file work.csv (CSV, C-alpha atoms)
chain,number,residue,atom,x,y,z
A,20,MET,CA,47.0,8.6,9.9
A,21,GLY,CA,49.5,5.9,10.3
A,22,LEU,CA,49.2,2.5,11.7
A,23,ILE,CA,50.6,3.3,15.1
A,24,GLY,CA,48.4,6.5,15.3
A,25,GLY,CA,45.3,4.4,14.4
A,26,LEU,CA,46.2,1.8,17.0
A,27,MET,CA,46.7,4.5,19.7
A,28,THR,CA,43.4,6.1,18.8
A,29,PHE,CA,41.7,2.7,19.0
A,30,LEU,CA,43.2,2.0,22.4
A,31,PHE,CA,43.2,5.4,24.0
A,32,GLY,CA,41.2,7.7,21.8
A,33,ASP,CA,37.5,8.6,21.6
A,34,GLY,CA,37.3,9.4,25.3
A,35,ARG,CA,37.9,5.8,26.4
A,36,ASN,CA,40.7,3.6,27.4
A,37,VAL,CA,40.4,0.0,26.0
A,38,VAL,CA,43.3,-1.2,28.1
A,39,ALA,CA,42.0,0.1,31.3
A,40,GLN,CA,38.5,-1.1,30.6
A,41,THR,CA,39.8,-4.6,29.8
A,42,ALA,CA,42.0,-4.6,32.9
A,43,GLU,CA,38.9,-3.7,35.0
A,44,VAL,CA,37.2,-6.9,33.9
A,45,PHE,CA,39.9,-8.8,35.8
A,46,ARG,CA,40.9,-6.4,38.6
A,47,GLU,CA,38.8,-3.9,40.4
A,48,ASN,CA,39.7,-0.2,39.9
A,49,ALA,CA,41.0,0.7,43.4
A,50,GLU,CA,39.8,4.3,43.2
A,51,LYS,CA,36.3,3.5,42.1
A,52,GLY,CA,36.2,0.7,44.7
A,53,ALA,CA,37.2,3.1,47.4
A,54,VAL,CA,34.5,5.6,46.3
A,55,ARG,CA,31.9,2.8,46.3
A,56,ASP,CA,32.9,1.7,49.8
A,57,ALA,CA,32.8,5.3,51.1
A,58,ASP,CA,29.4,5.8,49.6
A,59,ALA,CA,28.1,2.5,51.1
A,60,LYS,CA,29.3,3.5,54.5
A,61,SER,CA,27.9,7.0,54.2
A,62,GLU,CA,24.5,5.7,53.1
A,63,SER,CA,24.4,3.1,55.9
A,64,LEU,CA,25.3,5.7,58.5
A,65,GLN,CA,22.6,8.0,57.2
A,66,GLN,CA,20.0,5.2,57.3
A,67,PHE,CA,21.1,4.3,60.9
A,68,ALA,CA,20.9,8.0,62.0
A,69,ALA,CA,17.4,8.3,60.4
A,70,GLU,CA,16.2,5.4,62.6
A,71,PHE,CA,17.1,7.4,65.8
A,72,MET,CA,15.7,10.8,64.8
A,73,HIS,CA,12.9,11.8,67.1
A,74,PRO,CA,10.0,13.7,65.7
A,75,ARG,CA,9.3,17.1,67.2
A,76,ARG,CA,7.3,16.4,70.4
A,77,GLY,CA,4.1,18.3,71.2
A,78,VAL,CA,3.0,20.0,74.4
A,79,PHE,CA,1.3,16.9,75.7
A,80,ASP,CA,4.4,14.8,75.4
A,81,ARG,CA,6.5,17.4,77.1
A,82,LEU,CA,3.9,17.7,79.9
A,83,VAL,CA,3.9,14.0,80.5
A,84,ASP,CA,7.7,13.9,80.6
A,85,ALA,CA,7.7,16.7,83.1
A,86,MET,CA,5.2,14.8,85.3
A,87,ASN,CA,7.3,11.6,85.1
A,88,ARG,CA,10.3,13.5,86.5
A,89,LEU,CA,8.4,14.6,89.7
A,90,PRO,CA,8.2,11.4,91.8
A,91,ARG,CA,11.9,11.1,92.6
A,92,PRO,CA,12.4,14.7,93.8
A,93,PHE,CA,9.1,14.5,95.8
A,94,LEU,CA,10.2,11.3,97.5
A,95,ALA,CA,13.7,12.6,98.3
A,96,LEU,CA,12.4,16.0,99.5
A,97,GLY,CA,9.6,14.3,101.5
A,98,THR,CA,12.2,12.1,103.3
A,99,ILE,CA,14.3,15.1,104.1
A,100,TRP,CA,11.3,17.0,105.4
A,101,LEU,CA,10.5,14.1,107.8
A,102,PHE,CA,13.9,14.5,109.4
A,103,VAL,CA,13.4,18.3,109.6
A,104,THR,CA,10.0,17.8,111.2
A,105,ALA,CA,11.3,15.3,113.7
A,106,MET,CA,13.9,17.8,114.8
A,107,GLN,CA,11.8,20.9,114.9
A,108,ASN,CA,8.5,19.6,116.0
A,109,PRO,CA,8.7,16.1,117.6
A,110,GLU,CA,5.0,15.9,118.7
A,111,THR,CA,3.8,16.5,115.1
A,112,PHE,CA,6.3,14.0,113.8
A,113,MET,CA,5.1,11.4,116.4
A,114,GLN,CA,1.5,11.9,115.4
A,115,GLY,CA,2.3,11.5,111.7
A,116,MET,CA,4.2,8.2,112.4
A,117,GLU,CA,1.3,6.9,114.5
A,118,GLY,CA,-0.9,7.6,111.5
A,119,ILE,CA,1.5,5.7,109.2
A,120,ALA,CA,1.5,2.8,111.7
A,121,LEU,CA,-2.3,2.5,111.2
A,122,VAL,CA,-2.0,1.9,107.5
A,123,PRO,CA,-2.9,-1.8,106.7
A,124,GLU,CA,-0.2,-4.1,105.5
A,125,PRO,CA,-1.8,-4.8,102.0
A,126,LEU,CA,-1.7,-1.1,101.3
A,127,TRP,CA,2.0,-1.1,102.1
A,128,TRP,CA,2.5,-4.0,99.6
A,129,LEU,CA,0.5,-2.1,97.0
A,130,MET,CA,2.6,1.0,97.6
A,131,GLY,CA,5.8,-1.0,97.4
A,132,ALA,CA,4.7,-2.6,94.1
A,133,ILE,CA,3.8,0.8,92.5
A,134,VAL,CA,7.1,2.4,93.5
A,135,SER,CA,9.1,-0.7,92.5
A,136,PHE,CA,7.4,-0.9,89.1
A,137,TYR,CA,7.8,2.8,88.5
A,138,PHE,CA,11.5,2.9,89.3
A,139,GLY,CA,12.1,-0.5,87.7
A,140,ALA,CA,10.5,0.6,84.4
A,141,ARG,CA,12.5,3.9,84.5
A,142,HIS,CA,15.7,2.0,85.2
A,143,GLN,CA,15.0,-0.4,82.3
A,144,ALA,CA,14.2,2.5,79.9
A,145,LYS,CA,17.3,4.4,80.9
A,146,GLY,CA,19.4,1.3,80.6
A,147,GLN,CA,18.1,0.6,77.1
A,148,ASP,CA,18.7,4.3,76.1
A,149,PHE,CA,22.3,3.9,77.3
A,150,GLN,CA,22.8,0.7,75.4
A,151,ARG,CA,21.5,2.3,72.2
A,152,SER,CA,23.9,5.2,72.7
A,153,VAL,CA,26.8,2.8,73.2
A,154,ALA,CA,25.9,0.9,70.1
A,155,ARG,CA,25.6,4.1,68.1
A,156,SER,CA,29.0,5.2,69.3
A,157,LEU,CA,30.6,1.8,68.5
A,158,ILE,CA,29.1,1.9,65.0
A,159,MET,CA,30.3,5.4,64.4
A,160,ALA,CA,33.8,4.5,65.7
A,161,GLN,CA,33.8,1.4,63.5
A,162,ALA,CA,32.9,3.4,60.4
A,163,MET,CA,35.7,5.9,61.0
A,164,ARG,CA,38.3,3.2,61.5
A,165,PRO,CA,40.1,2.0,58.3
A,166,PRO,CA,39.7,-1.8,57.6
A,167,LYS,CA,42.3,-3.9,59.3
A,168,ALA,CA,44.8,-5.4,56.9
A,169,PRO,CA,45.6,-9.1,57.2
A,170,GLU,CA,48.6,-9.7,59.3
A,171,TYR,CA,51.7,-10.9,57.5
A,172,ARG,CA,53.4,-13.8,59.2
A,173,PRO,CA,56.6,-15.0,57.4
A,174,ASP,CA,56.6,-18.2,59.6
A,175,ALA,CA,53.1,-19.2,58.6
A,176,PRO,CA,53.0,-22.5,56.5
A,177,SER,CA,51.9,-22.0,53.0
A,178,ALA,CA,50.4,-24.5,50.5
A,179,PRO,CA,52.9,-25.9,48.1
A,180,ASN,CA,52.8,-24.4,44.6
A,181,ALA,CA,52.3,-27.4,42.3
A,182,ALA,CA,53.3,-25.5,39.1
A,183,LEU,CA,56.6,-24.2,40.7
A,184,MET,CA,57.4,-27.7,42.0
A,185,ASP,CA,56.7,-29.2,38.6
A,186,TRP,CA,58.9,-26.6,36.9
A,187,GLN,CA,61.7,-27.3,39.4
A,188,GLY,CA,61.3,-31.0,38.7
A,189,LYS,CA,60.3,-31.9,42.3
A,190,ASP,CA,57.4,-34.3,43.3
A,191,GLU,CA,54.9,-33.3,45.9
call {"tool": "encode", "arguments": {"input": "work.csv", "output": "structure tokens"}}
result
Amino acid sequence: MGLIGGLMTFLFGDGRNVVAQTAEVFRENAEKGAVRDADAKSESLQQFAAEFMHPRRGVFDRLVDAMNRLPRPFLALGTIWLFVTAMQNPETFMQGMEGIALVPEPLWWLMGAIVSFYFGARHQAKGQDFQRSVARSLIMAQAMRPPKAPEYRPDAPSAPNAALMDWQGKDE
């Protein structure tokens, strides 16, 4: 084996590339860097998705959720039923309203507080769910978008190159 063949075997043989390995000490391998970036993004998205996975809910949880959905339709249908009763049977409607007029004021305050807290808590929970879904969508959109390259501006001032100025014989 000649000198050149021995040198080529040393540099590129034995399943390794000394030149490439040496260059990678000073400059990152772009392909391997892209693979690492993609793996990191994939792993972070998998971790984020795992945080929002809901375990399978049992019968009790589904029953409570169903009961929590009843007050709004009952209130809406009850209000509509009052209008229907007022038109179809005014005497019965008037008796019902007289009964409501006899309810003491503190009981009205208590009823108002209960209804306000129920709908307020529901509004807050739904708002937080919405914010979570918006954040999830933004994170997914961010992960799918390629990183923004720095903008090139030819008119931007640059720092003087001391070595170039010295070579040209100029003072700073």
call {"tool": "atom_distance", "arguments": {"input": "work.csv", "atom1": "atom CA of Ala69 of chain A", "atom2": "atom CA of Arg88 of chain A"}}
result
27.5 Å
call {"tool": "atom_distance", "arguments": {"input": "work.csv", "atom1": "atom CA of Leu101 of chain A", "atom2": "atom CA of Trp127 of chain A"}}
result
18.3 Å
call {"tool": "residues_around", "arguments": {"input": "work.csv", "residues": "segment 161-163 of chain A", "least_positions_apart": "2", "cutoff": "9 Å", "atoms": "all atoms listed in the file", "output": "ChimeraX atom specification"}}
result
/A:60-61,64,156-159,165-166
call {"tool": "atom_distance", "arguments": {"input": "work.csv", "atom1": "atom CA of Asn87 of chain A", "atom2": "atom CA of Phe138 of chain A"}}
result
10.5 Å
call {"tool": "closest_atom_pairs", "arguments": {"input": "work.csv", "of": "segment 41-129 of chain A", "to": "segment 139-153 of chain A", "cutoff": "12 Å", "atoms": "all atoms listed in the file", "output": "JSON lines"}}
result
{"residue": "A:Phe67", "atom": "CA", "partner": "A:Arg151", "partner_atom": "CA", "distance": 11.5}
{"residue": "A:Ala68", "atom": "CA", "partner": "A:Ser152", "partner_atom": "CA", "distance": 11.5}
{"residue": "A:Glu70", "atom": "CA", "partner": "A:Arg151", "partner_atom": "CA", "distance": 11.4}
{"residue": "A:Phe71", "atom": "CA", "partner": "A:Arg151", "partner_atom": "CA", "distance": 9.3}
{"residue": "A:Asp84", "atom": "CA", "partner": "A:Arg141", "partner_atom": "CA", "distance": 11.8}
{"residue": "A:Asn87", "atom": "CA", "partner": "A:Arg141", "partner_atom": "CA", "distance": 9.3}
{"residue": "A:Arg88", "atom": "CA", "partner": "A:Arg141", "partner_atom": "CA", "distance": 10.0}
{"residue": "A:Pro90", "atom": "CA", "partner": "A:Arg141", "partner_atom": "CA", "distance": 11.3}
{"residue": "A:Arg91", "atom": "CA", "partner": "A:Arg141", "partner_atom": "CA", "distance": 10.9}
call {"tool": "write_last_selection", "arguments": {"input": "work.csv", "atoms": "C-alpha atoms", "output": "PDB file, in the frame of the given file"}}
result
ATOM      1  CA  PHE A  67      21.100   4.300  60.900  1.00  0.00           C
ATOM      2  CA  ALA A  68      20.900   8.000  62.000  1.00  0.00           C
ATOM      3  CA  GLU A  70      16.200   5.400  62.600  1.00  0.00           C
ATOM      4  CA  PHE A  71      17.100   7.400  65.800  1.00  0.00           C
ATOM      5  CA  ASP A  84       7.700  13.900  80.600  1.00  0.00           C
ATOM      6  CA  ASN A  87       7.300  11.600  85.100  1.00  0.00           C
ATOM      7  CA  ARG A  88      10.300  13.500  86.500  1.00  0.00           C
ATOM      8  CA  PRO A  90       8.200  11.400  91.800  1.00  0.00           C
ATOM      9  CA  ARG A  91      11.900  11.100  92.600  1.00  0.00           C
TER      10      ARG A  91
END
